[in-house]
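Okay, coords04.pdb is below, PDB, C-alpha atoms (C1' of nucleotides):
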```pdb
MODEL        1
ATOM      1  CA  MET A   1     -35.283 -41.302  39.972
ATOM      2  CA  THR A   2     -33.643 -39.758  42.937
ATOM      3  CA  GLU A   3     -30.262 -38.264  42.387
ATOM      4  CA  LYS A   4     -28.060 -39.739  45.001
ATOM      5  CA  LYS A   5     -25.510 -37.880  46.998
ATOM      6  CA  GLN A   6     -22.436 -37.599  44.882
ATOM      7  CA  PRO A   7     -18.967 -37.142  46.240
ATOM      8  CA  LEU A   8     -17.158 -34.097  45.022
ATOM      9  CA  GLN A   9     -14.280 -34.851  42.723
ATOM     10  CA  LEU A  10     -11.248 -32.701  43.100
ATOM     11  CA  ASP A  11      -8.417 -32.408  40.659
ATOM     12  CA  PHE A  12      -5.374 -31.318  42.573
ATOM     13  CA  HIS A  13      -3.361 -30.675  39.430
ATOM     14  CA  SER A  14      -5.909 -28.686  37.492
ATOM     15  CA  GLY A  15      -4.553 -25.317  38.482
ATOM     16  CA  LEU A  16      -7.935 -24.366  39.881
ATOM     17  CA  PRO A  17      -7.880 -23.670  43.601
ATOM     18  CA  ILE A  18      -9.581 -26.295  45.726
ATOM     19  CA  TYR A  19     -12.088 -23.837  47.110
ATOM     20  CA  THR A  20     -13.091 -22.844  43.588
ATOM     21  CA  GLN A  21     -13.638 -26.445  42.590
ATOM     22  CA  ILE A  22     -15.843 -26.998  45.622
ATOM     23  CA  VAL A  23     -17.871 -23.898  44.822
ATOM     24  CA  GLU A  24     -18.401 -24.855  41.206
ATOM     25  CA  GLN A  25     -19.320 -28.446  41.900
ATOM     26  CA  ILE A  26     -21.879 -27.542  44.525
ATOM     27  CA  GLN A  27     -23.376 -25.004  42.138
ATOM     28  CA  SER A  28     -23.558 -27.634  39.433
ATOM     29  CA  GLN A  29     -25.091 -30.227  41.692
ATOM     30  CA  LEU A  30     -27.711 -27.755  42.765
ATOM     31  CA  ALA A  31     -28.387 -26.737  39.198
ATOM     32  CA  ASN A  32     -28.961 -30.337  38.249
ATOM     33  CA  GLY A  33     -31.093 -31.389  41.150
ATOM     34  CA  ILE A  34     -28.488 -33.547  42.779
ATOM     35  CA  LEU A  35     -28.731 -31.085  45.609
ATOM     36  CA  LYS A  36     -32.088 -29.531  46.441
ATOM     37  CA  PRO A  37     -33.234 -26.504  48.401
ATOM     38  CA  GLY A  38     -33.215 -27.301  52.088
ATOM     39  CA  ASP A  39     -30.622 -30.026  51.795
ATOM     40  CA  GLN A  40     -27.976 -29.974  54.439
ATOM     41  CA  LEU A  41     -24.423 -29.941  53.238
ATOM     42  CA  PRO A  42     -21.695 -31.815  55.048
ATOM     43  CA  THR A  43     -20.081 -29.879  57.846
ATOM     44  CA  VAL A  44     -16.937 -28.062  56.965
ATOM     45  CA  ARG A  45     -14.940 -30.588  58.918
ATOM     46  CA  ALA A  46     -16.656 -33.648  57.499
ATOM     47  CA  LEU A  47     -16.291 -32.532  53.916
ATOM     48  CA  ALA A  48     -12.729 -31.495  54.564
ATOM     49  CA  GLN A  49     -11.879 -34.919  55.880
ATOM     50  CA  GLU A  50     -13.589 -36.605  52.955
ATOM     51  CA  LEU A  51     -11.672 -34.479  50.472
ATOM     52  CA  ARG A  52      -8.443 -34.625  52.465
ATOM     53  CA  VAL A  53      -8.130 -30.878  52.687
ATOM     54  CA  ASN A  54      -8.060 -28.389  55.502
ATOM     55  CA  PHE A  55     -11.494 -27.469  56.808
ATOM     56  CA  ASN A  56     -10.761 -23.812  56.277
ATOM     57  CA  THR A  57     -10.605 -24.503  52.581
ATOM     58  CA  VAL A  58     -14.130 -25.874  52.711
ATOM     59  CA  ALA A  59     -15.168 -22.972  54.908
ATOM     60  CA  ARG A  60     -13.870 -20.587  52.288
ATOM     61  CA  ALA A  61     -15.927 -22.272  49.605
ATOM     62  CA  TYR A  62     -19.000 -22.200  51.828
ATOM     63  CA  ARG A  63     -18.468 -18.525  52.541
ATOM     64  CA  ILE A  64     -18.384 -17.739  48.834
ATOM     65  CA  LEU A  65     -21.563 -19.718  48.253
ATOM     66  CA  ASP A  66     -23.136 -18.026  51.254
ATOM     67  CA  GLU A  67     -22.324 -14.594  49.905
ATOM     68  CA  ALA A  68     -23.912 -15.642  46.628
ATOM     69  CA  ARG A  69     -27.040 -16.600  48.604
ATOM     70  CA  ILE A  70     -26.820 -20.134  47.307
ATOM     71  CA  ILE A  71     -26.364 -21.674  50.695
ATOM     72  CA  SER A  72     -27.023 -20.493  54.194
ATOM     73  CA  THR A  73     -24.372 -21.157  56.788
ATOM     74  CA  GLN A  74     -25.408 -21.061  60.400
ATOM     75  CA  GLN A  75     -22.850 -21.178  63.119
ATOM     76  CA  GLY A  76     -23.495 -24.039  65.472
ATOM     77  CA  ARG A  77     -26.118 -25.598  63.190
ATOM     78  CA  GLY A  78     -24.738 -26.383  59.813
ATOM     79  CA  THR A  79     -25.078 -25.256  56.225
ATOM     80  CA  TYR A  80     -28.092 -25.675  54.037
ATOM     81  CA  ILE A  81     -29.047 -25.069  50.457
ATOM     82  CA  THR A  82     -31.108 -21.901  50.352
ATOM     83  CA  GLU A  83     -34.850 -22.403  50.160
ATOM     84  CA  ILE A  84     -36.744 -21.237  47.105
ATOM     85  CA  PRO A  85     -34.110 -20.273  44.640
ATOM     86  CA  PRO A  86     -36.065 -18.380  41.973
ATOM     87  CA  PRO A  87     -36.637 -20.627  38.969
ATOM     88  CA  GLU A  88     -35.237 -18.147  36.507
ATOM     89  CA  VAL A  89     -32.153 -18.003  38.670
ATOM     90  CA  SER A  90     -31.760 -21.732  38.833
ATOM     91  CA  GLU A  91     -32.070 -22.099  35.090
ATOM     92  CA  LYS A  92     -29.501 -19.384  34.727
ATOM     93  CA  LEU A  93     -27.311 -21.124  37.245
ATOM     94  CA  ARG A  94     -27.595 -24.369  35.391
ATOM     95  CA  ASN A  95     -26.524 -22.737  32.187
ATOM     96  CA  GLU A  96     -23.677 -20.872  33.763
ATOM     97  CA  SER A  97     -22.543 -24.044  35.379
ATOM     98  CA  LEU A  98     -22.216 -25.880  32.108
ATOM     99  CA  ALA A  99     -20.713 -22.819  30.495
ATOM    100  CA  ALA A 100     -17.994 -22.665  33.115
ATOM    101  CA  LEU A 101     -17.232 -26.333  32.737
ATOM    102  CA  THR A 102     -17.100 -26.066  28.973
ATOM    103  CA  HIS A 103     -15.041 -22.942  29.064
ATOM    104  CA  ARG A 104     -12.407 -24.621  31.200
ATOM    105  CA  PHE A 105     -12.280 -27.582  28.850
ATOM    106  CA  ILE A 106     -11.882 -25.442  25.773
ATOM    107  CA  ASN A 107      -9.317 -23.183  27.315
ATOM    108  CA  GLU A 108      -7.271 -26.137  28.383
ATOM    109  CA  SER A 109      -7.512 -27.640  24.909
ATOM    110  CA  PHE A 110      -6.322 -24.466  23.257
ATOM    111  CA  ARG A 111      -3.674 -24.043  25.896
ATOM    112  CA  LEU A 112      -2.343 -27.414  24.865
ATOM    113  CA  GLY A 113      -2.262 -26.286  21.282
ATOM    114  CA  PHE A 114      -5.233 -28.046  19.786
ATOM    115  CA  SER A 115      -7.231 -26.329  17.087
ATOM    116  CA  GLU A 116     -10.881 -25.447  17.134
ATOM    117  CA  ARG A 117     -11.481 -28.046  14.494
ATOM    118  CA  GLU A 118      -9.732 -30.776  16.421
ATOM    119  CA  VAL A 119     -11.642 -29.953  19.553
ATOM    120  CA  SER A 120     -15.068 -29.954  18.009
ATOM    121  CA  GLN A 121     -14.322 -33.148  16.114
ATOM    122  CA  MET A 122     -13.173 -34.893  19.236
ATOM    123  CA  VAL A 123     -16.262 -33.779  21.135
ATOM    124  CA  ARG A 124     -18.450 -35.193  18.385
ATOM    125  CA  ASP A 125     -16.611 -38.498  18.386
ATOM    126  CA  SER A 126     -16.620 -38.740  22.118
ATOM    127  CA  LEU A 127     -20.310 -38.020  22.430
ATOM    128  CA  LYS A 128     -21.018 -40.537  19.700
ATOM    129  CA  SER A 129     -19.093 -43.332  21.329
ATOM    130  CA  TRP A 130     -20.644 -42.520  24.664
ATOM    131  CA  LYS A 131     -24.088 -42.839  23.152
ATOM    132  CA  GLU A 132     -23.215 -46.161  21.563
ATOM    133  CA  ALA A 133     -21.933 -47.484  24.862
ATOM    134  CA  LYS A 134     -25.119 -46.366  26.516
ATOM    135  CA  ASP A 135     -27.265 -48.005  23.846
ATOM    136  CA  SER A 136     -25.556 -51.329  24.293
ATOM    137  CA  ASP A 137     -26.087 -51.032  28.024
ATOM    138  CA  ASP A 138     -29.773 -50.492  27.522
ATOM    139  CA  GLU A 139     -30.377 -53.772  25.742
TER     140      GLU A 139
ATOM    141  CA  MET B 140      11.049 -50.888  38.168
ATOM    142  CA  THR B 141      10.254 -47.472  39.341
ATOM    143  CA  GLU B 142      12.425 -44.623  38.242
ATOM    144  CA  LYS B 143      13.427 -42.864  41.418
ATOM    145  CA  LYS B 144      13.724 -39.184  41.931
ATOM    146  CA  GLN B 145      16.986 -38.063  40.468
ATOM    147  CA  PRO B 146      18.859 -34.990  41.560
ATOM    148  CA  LEU B 147      19.613 -32.519  38.839
ATOM    149  CA  GLN B 148      23.267 -32.224  37.941
ATOM    150  CA  LEU B 149      24.462 -28.764  37.174
ATOM    151  CA  ASP B 150      27.699 -27.835  35.539
ATOM    152  CA  PHE B 151      28.611 -24.339  36.617
ATOM    153  CA  HIS B 152      31.456 -24.118  34.131
ATOM    154  CA  SER B 153      29.723 -25.329  31.051
ATOM    155  CA  GLY B 154      28.835 -21.880  29.868
ATOM    156  CA  LEU B 155      25.205 -22.897  29.675
ATOM    157  CA  PRO B 156      22.987 -20.762  31.904
ATOM    158  CA  ILE B 157      21.750 -22.501  35.029
ATOM    159  CA  TYR B 158      18.128 -21.987  34.102
ATOM    160  CA  THR B 159      18.734 -23.582  30.723
ATOM    161  CA  GLN B 160      20.328 -26.603  32.330
ATOM    162  CA  ILE B 161      17.362 -26.960  34.668
ATOM    163  CA  VAL B 162      14.935 -26.697  31.781
ATOM    164  CA  GLU B 163      16.757 -29.270  29.709
ATOM    165  CA  GLN B 164      17.210 -31.740  32.520
ATOM    166  CA  ILE B 165      13.572 -31.652  33.488
ATOM    167  CA  GLN B 166      12.586 -32.100  29.869
ATOM    168  CA  SER B 167      14.970 -34.987  29.629
ATOM    169  CA  GLN B 168      13.713 -36.628  32.796
ATOM    170  CA  LEU B 169      10.187 -36.330  31.485
ATOM    171  CA  ALA B 170      11.204 -37.843  28.178
ATOM    172  CA  ASN B 171      12.852 -40.743  29.998
ATOM    173  CA  GLY B 172       9.973 -41.448  32.312
ATOM    174  CA  ILE B 173      11.817 -40.394  35.419
ATOM    175  CA  LEU B 174       9.205 -37.684  35.691
ATOM    176  CA  LYS B 175       5.634 -38.450  34.766
ATOM    177  CA  PRO B 176       2.532 -36.390  34.066
ATOM    178  CA  GLY B 177       1.016 -35.271  37.329
ATOM    179  CA  ASP B 178       4.252 -35.465  39.268
ATOM    180  CA  GLN B 179       4.928 -32.593  41.581
ATOM    181  CA  LEU B 180       8.230 -30.859  41.116
ATOM    182  CA  PRO B 181      10.218 -29.488  44.038
ATOM    183  CA  THR B 182       9.250 -25.989  45.070
ATOM    184  CA  VAL B 183      11.343 -23.244  43.619
ATOM    185  CA  ARG B 184      12.953 -22.706  47.000
ATOM    186  CA  ALA B 185      13.601 -26.367  47.717
ATOM    187  CA  LEU B 186      15.193 -27.029  44.368
ATOM    188  CA  ALA B 187      17.147 -23.813  44.620
ATOM    189  CA  GLN B 188      18.574 -24.844  47.960
ATOM    190  CA  GLU B 189      19.421 -28.287  46.685
ATOM    191  CA  LEU B 190      21.231 -26.838  43.701
ATOM    192  CA  ARG B 191      22.810 -23.998  45.731
ATOM    193  CA  VAL B 192      21.251 -21.451  43.466
ATOM    194  CA  ASN B 193      18.923 -18.488  43.860
ATOM    195  CA  PHE B 194      15.289 -19.507  43.782
ATOM    196  CA  ASN B 195      14.598 -16.954  41.079
ATOM    197  CA  THR B 196      16.795 -18.941  38.780
ATOM    198  CA  VAL B 197      14.647 -21.999  39.381
ATOM    199  CA  ALA B 198      11.551 -19.859  38.982
ATOM    200  CA  ARG B 199      12.846 -18.710  35.636
ATOM    201  CA  ALA B 200      13.339 -22.278  34.496
ATOM    202  CA  TYR B 201       9.868 -23.180  35.722
ATOM    203  CA  ARG B 202       8.392 -20.208  33.891
ATOM    204  CA  ILE B 203       9.970 -21.333  30.635
ATOM    205  CA  LEU B 204       8.661 -24.852  31.127
ATOM    206  CA  ASP B 205       5.267 -23.447  32.010
ATOM    207  CA  GLU B 206       5.153 -21.380  28.833
ATOM    208  CA  ALA B 207       6.116 -24.492  26.921
ATOM    209  CA  ARG B 208       3.092 -26.213  28.521
ATOM    210  CA  ILE B 209       5.309 -28.841  30.049
ATOM    211  CA  ILE B 210       4.576 -27.981  33.628
ATOM    212  CA  SER B 211       1.842 -26.103  35.401
ATOM    213  CA  THR B 212       2.848 -23.675  38.128
ATOM    214  CA  GLN B 213       0.276 -22.666  40.668
ATOM    215  CA  GLN B 214       0.930 -19.878  43.095
ATOM    216  CA  GLY B 215       0.473 -21.037  46.658
ATOM    217  CA  ARG B 216       0.354 -24.701  45.733
ATOM    218  CA  GLY B 217       3.311 -25.865  43.724
ATOM    219  CA  THR B 218       4.319 -26.951  40.259
ATOM    220  CA  TYR B 219       3.293 -30.102  38.468
ATOM    221  CA  ILE B 220       4.126 -31.898  35.300
ATOM    222  CA  THR B 221       1.244 -31.269  32.931
ATOM    223  CA  GLU B 222      -1.241 -34.115  32.935
ATOM    224  CA  ILE B 223      -1.345 -34.095  29.192
ATOM    225  CA  PRO B 224       2.034 -33.287  27.729
ATOM    226  CA  PRO B 225       2.218 -31.006  24.708
ATOM    227  CA  PRO B 226       2.680 -32.551  21.308
ATOM    228  CA  GLU B 227       6.426 -32.490  21.198
ATOM    229  CA  VAL B 228       6.025 -36.194  20.728
ATOM    230  CA  SER B 229       3.933 -38.148  18.277
ATOM    231  CA  GLU B 230       0.687 -37.306  16.581
ATOM    232  CA  LYS B 231      -0.772 -40.448  18.059
ATOM    233  CA  LEU B 232       0.001 -39.346  21.585
ATOM    234  CA  ARG B 233      -1.329 -35.939  20.758
ATOM    235  CA  ASN B 234      -4.631 -37.378  19.689
ATOM    236  CA  GLU B 235      -4.861 -39.609  22.705
ATOM    237  CA  SER B 236      -4.253 -36.577  24.855
ATOM    238  CA  LEU B 237      -7.154 -34.663  23.434
ATOM    239  CA  ALA B 238      -9.330 -37.742  23.651
ATOM    240  CA  ALA B 239      -8.542 -38.128  27.330
ATOM    241  CA  LEU B 240      -9.201 -34.480  28.023
ATOM    242  CA  THR B 241     -12.473 -34.557  26.146
ATOM    243  CA  HIS B 242     -13.522 -37.743  27.829
ATOM    244  CA  ARG B 243     -13.005 -36.234  31.241
ATOM    245  CA  PHE B 244     -15.010 -33.188  30.283
ATOM    246  CA  ILE B 245     -17.919 -35.169  28.919
ATOM    247  CA  ASN B 246     -18.011 -37.582  31.814
ATOM    248  CA  GLU B 247     -18.069 -34.721  34.254
ATOM    249  CA  SER B 248     -20.863 -33.041  32.339
ATOM    250  CA  PHE B 249     -22.998 -36.153  32.377
ATOM    251  CA  ARG B 250     -22.148 -36.843  35.988
ATOM    252  CA  LEU B 251     -23.569 -33.438  36.800
ATOM    253  CA  GLY B 252     -26.725 -34.164  34.899
ATOM    254  CA  PHE B 253     -26.337 -32.285  31.657
ATOM    255  CA  SER B 254     -27.667 -33.860  28.487
ATOM    256  CA  GLU B 255     -25.771 -34.744  25.349
ATOM    257  CA  ARG B 256     -27.656 -32.069  23.512
ATOM    258  CA  GLU B 257     -26.808 -29.411  26.048
ATOM    259  CA  VAL B 258     -23.166 -30.353  26.049
ATOM    260  CA  SER B 259     -22.712 -30.249  22.324
ATOM    261  CA  GLN B 260     -24.631 -26.994  22.060
ATOM    262  CA  MET B 261     -22.530 -25.395  24.753
ATOM    263  CA  VAL B 262     -19.340 -26.526  23.084
ATOM    264  CA  ARG B 263     -20.462 -24.965  19.830
ATOM    265  CA  ASP B 264     -21.374 -21.689  21.518
ATOM    266  CA  SER B 265     -18.208 -21.596  23.497
ATOM    267  CA  LEU B 266     -16.011 -22.255  20.485
ATOM    268  CA  LYS B 267     -17.885 -19.605  18.559
ATOM    269  CA  SER B 268     -17.493 -16.912  21.179
ATOM    270  CA  TRP B 269     -13.877 -17.809  21.641
ATOM    271  CA  LYS B 270     -13.287 -17.369  17.928
ATOM    272  CA  GLU B 271     -15.034 -14.008  17.952
ATOM    273  CA  ALA B 272     -12.921 -12.835  20.833
ATOM    274  CA  LYS B 273      -9.840 -13.920  18.984
ATOM    275  CA  ASP B 274     -10.925 -12.137  15.815
ATOM    276  CA  SER B 275     -11.438  -8.858  17.618
ATOM    277  CA  ASP B 276      -7.980  -9.248  19.113
ATOM    278  CA  ASP B 277      -6.465  -9.684  15.701
ATOM    279  CA  GLU B 278      -7.638  -6.351  14.332
TER     280      GLU B 278
ATOM    281  C1'  DC C 279     -35.027 -24.720  83.894
ATOM    282  C1'  DC C 280     -29.992 -24.437  84.264
ATOM    283  C1'  DT C 281     -25.457 -26.163  83.389
ATOM    284  C1'  DT C 282     -22.376 -28.757  80.792
ATOM    285  C1'  DT C 283     -20.679 -30.694  76.698
ATOM    286  C1'  DA C 284     -20.340 -31.572  71.904
ATOM    287  C1'  DT C 285     -20.806 -29.814  67.378
ATOM    288  C1'  DT C 286     -20.976 -26.286  64.235
ATOM    289  C1'  DG C 287     -19.160 -22.195  61.642
ATOM    290  C1'  DT C 288     -15.927 -17.832  62.187
ATOM    291  C1'  DA C 289     -11.884 -15.028  62.685
ATOM    292  C1'  DC C 290      -7.373 -14.338  62.751
ATOM    293  C1'  DT C 291      -2.842 -15.722  61.973
ATOM    294  C1'  DA C 292       0.935 -18.395  60.096
ATOM    295  C1'  DA C 293       3.213 -21.139  56.660
ATOM    296  C1'  DT C 294       4.094 -22.330  52.033
ATOM    297  C1'  DT C 295       3.848 -21.511  47.505
ATOM    298  C1'  DG C 296       4.886 -18.812  43.004
ATOM    299  C1'  DT C 297       5.382 -13.720  40.945
ATOM    300  C1'  DA C 298       7.210  -9.179  39.949
ATOM    301  C1'  DT C 299      10.620  -5.819  40.063
ATOM    302  C1'  DC C 300      14.878  -4.079  40.440
ATOM    303  C1'  DA C 301      19.948  -4.481  41.651
ATOM    304  C1'  DT C 302      24.255  -6.749  40.882
ATOM    305  C1'  DT C 303      27.613  -9.326  38.395
ATOM    306  C1'  DG C 304      30.091 -10.941  34.663
ATOM    307  C1'  DT C 305      31.247 -11.046  29.895
ATOM    308  C1'  DA C 306      31.361  -9.817  25.160
ATOM    309  C1'  DT C 307      32.261  -6.148  22.152
ATOM    310  C1'  DA C 308      32.789  -1.483  20.253
TER     311       DA C 308
ATOM    312  C1'  DT D 309      38.280   1.208  28.764
ATOM    313  C1'  DA D 310      33.431   1.818  28.263
ATOM    314  C1'  DT D 311      29.119   0.100  27.222
ATOM    315  C1'  DA D 312      25.522  -3.159  26.504
ATOM    316  C1'  DC D 313      23.405  -7.162  27.676
ATOM    317  C1'  DA D 314      22.440 -11.545  29.701
ATOM    318  C1'  DA D 315      22.429 -14.191  33.965
ATOM    319  C1'  DT D 316      21.763 -14.298  38.601
ATOM    320  C1'  DG D 317      20.553 -12.521  43.199
ATOM    321  C1'  DA D 318      17.750  -9.748  46.718
ATOM    322  C1'  DT D 319      13.552  -8.128  48.223
ATOM    323  C1'  DA D 320       8.845  -7.375  48.532
ATOM    324  C1'  DC D 321       4.435  -9.189  47.226
ATOM    325  C1'  DA D 322       0.235 -12.144  46.305
ATOM    326  C1'  DA D 323      -2.431 -16.491  46.415
ATOM    327  C1'  DT D 324      -3.541 -20.678  48.606
ATOM    328  C1'  DT D 325      -3.856 -23.603  52.325
ATOM    329  C1'  DA D 326      -3.153 -24.855  57.230
ATOM    330  C1'  DG D 327      -3.260 -24.020  62.462
ATOM    331  C1'  DT D 328      -5.429 -22.263  66.532
ATOM    332  C1'  DA D 329      -8.603 -20.191  69.337
ATOM    333  C1'  DC D 330     -13.259 -18.690  69.714
ATOM    334  C1'  DA D 331     -18.468 -18.080  69.440
ATOM    335  C1'  DA D 332     -23.099 -19.780  68.538
ATOM    336  C1'  DT D 333     -26.215 -23.482  68.773
ATOM    337  C1'  DA D 334     -28.236 -27.761  70.185
ATOM    338  C1'  DA D 335     -28.537 -31.737  73.031
ATOM    339  C1'  DA D 336     -27.956 -34.142  77.383
ATOM    340  C1'  DG D 337     -28.040 -34.502  82.460
ATOM    341  C1'  DG D 338     -29.014 -32.656  86.701
TER     342       DG D 338
ENDMDL
END
```
Could you take the file, read its structure, and then write that structure out as structure tokens?
Amino acid sequence: MTEKKQPLQLDFHSGLPIYTQIVEQIQSQLANGILKPGDQLPTVRALAQELRVNFNTVARAYRILDEARIISTQQGRGTYITEIPPPEVSEKLRNESLAALTHRFINESFRLGFSEREVSQMVRDSLKSWKEAKDSDDE
Amino acid sequence: MTEKKQPLQLDFHSGLPIYTQIVEQIQSQLANGILKPGDQLPTVRALAQELRVNFNTVARAYRILDEARIISTQQGRGTYITEIPPPEVSEKLRNESLAALTHRFINESFRLGFSEREVSQMVRDSLKSWKEAKDSDDE
DNA sequence: CCTTTATTGTACTAATTGTATCATTGTATA
DNA sequence: TATACAATGATACAATTAGTACAATAAAGG
């Protein structure tokens, strides 16, 4: 199966800066094969328009990813996912990506006053019901 | 019917501090549905001007509400009513809140291509390391 | 080829937001 | 009155996003 291009999903109330959300989602998509080495990313202006943000905000995200050697931005040409990311790096990236996502979720839960027990129970329930929904879809 | 934005009404002779009145009125508007989760509040300066008060007084009110998890203030962006209000209400609402939060987290994880197994493992690890960090703080 | 034009990212600046710190004011109380 | 303290105001700061002008590249037309 080919992972299709997926729009980035921003949460404007999450407290996380937009540019950070863009960075993390591109990292995740790369880690999970939704984006692949060599892929061209949208131009700063195109992505900005799609996300309804200023293009400098996208440019800032791209600059951070560029400094991390994850993408390569080329003035006048566009931005591309870096070729040949070392496999051990990409596995690491994949793990870090999920870790970041999970960390945010757990922090937010605790911030709202939920207990460790409540959180882990809810995750179990939620995963379970997701699996059941999936099973009934598969029939 | 849609509850419209309502100006805050201050009583400068009531003996109650301004910031307390702001806190209570915002809480009350939230409780009455005039304000809803996700709503953006006026900036500290805008509300201060409207109320003819120093913006630090509004900032103080916002800080109290932020610490109470009722709003989320974000430097450079604004302040918002928390998407998932803290459990000052019912246990049922509280549970629904966590369910919604968890659901978002799990959907996002799957959307990015992580497996059920990976997600639940990462949640366990993350909870564990959080608990350890907390324990070392408690010494 | 060379020139022009469109498209791309970059750099710098400005505007808007909340934060931190200290000064001032007013009031209660010894 | 003098002092302590809480409330409010003034000022400087930091973070985020937006605006504007520019530079590099590629493509099109001559």
Near-region 310-319 of chain D list (12 Å; all atoms listed in the file; drop same-chain fewer than 6 positions) as a PDB file with C-alpha atoms (C1' of nucleotides), keeping the file's coordinate frame:
```pdb
ATOM      1  CA  GLY B 154      28.835 -21.880  29.868  1.00  0.00           C
ATOM      2  CA  LEU B 155      25.205 -22.897  29.675  1.00  0.00           C
ATOM      3  CA  PRO B 156      22.987 -20.762  31.904  1.00  0.00           C
ATOM      4  CA  ILE B 157      21.750 -22.501  35.029  1.00  0.00           C
ATOM      5  CA  TYR B 158      18.128 -21.987  34.102  1.00  0.00           C
ATOM      6  CA  THR B 159      18.734 -23.582  30.723  1.00  0.00           C
ATOM      7  CA  ALA B 187      17.147 -23.813  44.620  1.00  0.00           C
ATOM      8  CA  ARG B 191      22.810 -23.998  45.731  1.00  0.00           C
ATOM      9  CA  VAL B 192      21.251 -21.451  43.466  1.00  0.00           C
ATOM     10  CA  ASN B 193      18.923 -18.488  43.860  1.00  0.00           C
ATOM     11  CA  PHE B 194      15.289 -19.507  43.782  1.00  0.00           C
ATOM     12  CA  ASN B 195      14.598 -16.954  41.079  1.00  0.00           C
ATOM     13  CA  THR B 196      16.795 -18.941  38.780  1.00  0.00           C
ATOM     14  CA  VAL B 197      14.647 -21.999  39.381  1.00  0.00           C
ATOM     15  CA  ALA B 198      11.551 -19.859  38.982  1.00  0.00           C
ATOM     16  CA  ARG B 199      12.846 -18.710  35.636  1.00  0.00           C
TER      17      ARG B 199
ATOM     18  C1'  DA C 298       7.210  -9.179  39.949  1.00  0.00           C
ATOM     19  C1'  DT C 299      10.620  -5.819  40.063  1.00  0.00           C
ATOM     20  C1'  DC C 300      14.878  -4.079  40.440  1.00  0.00           C
ATOM     21  C1'  DA C 301      19.948  -4.481  41.651  1.00  0.00           C
ATOM     22  C1'  DT C 302      24.255  -6.749  40.882  1.00  0.00           C
ATOM     23  C1'  DT C 303      27.613  -9.326  38.395  1.00  0.00           C
ATOM     24  C1'  DG C 304      30.091 -10.941  34.663  1.00  0.00           C
ATOM     25  C1'  DT C 305      31.247 -11.046  29.895  1.00  0.00           C
ATOM     26  C1'  DA C 306      31.361  -9.817  25.160  1.00  0.00           C
ATOM     27  C1'  DT C 307      32.261  -6.148  22.152  1.00  0.00           C
ATOM     28  C1'  DA C 308      32.789  -1.483  20.253  1.00  0.00           C
TER      29       DA C 308
END
```
**Message:** Contacts from chain D to chain A, 7 Å maximum, only C-alpha atoms (C1' of nucleotides): show me the residue list as a count of residues only.
**Reply:** 4
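Taking CA of Glu255 (chain B) and CA of Lys231 (chain B) as endpoints, the distance between them is 26.7 Å.
Across the model, the gap from CA of Gln29 (chain A) to CA of Arg250 (chain B) is 9.2 Å.
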**Request:** Give as a PyMOL selection string the residues that the PyMOL selection byres ((chain C and resi 282) around 9) matches when applied to the coordinates above.
**Result:** (chain C and resi 281+283) or (chain D and resi 336-337)
**Item:** Residues near DT328 (chain D), cut-off 12 Å, all atoms listed in the file, skip fewer than 3 positions along chain, as a PyMOL selection string
**Value:** (chain A and resi 56) or (chain C and resi 289-292)
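Each of B:Thr221, B:Asp264, B:Pro146, B:Leu251 was compared to Ala185 (chain B) using only C-alpha atoms, and B:Pro146 turns out to be the nearest.
With all atoms listed in the file as the atoms that count, the residue of B:Lys267, B:Lys144, B:Arg208, B:Arg184 with the shortest distance to Ser109 (chain A) is B:Arg208.
Note that the spacing between CA of Ser72 (chain A) and CA of Lys36 (chain A) amounts to 12.9 Å.
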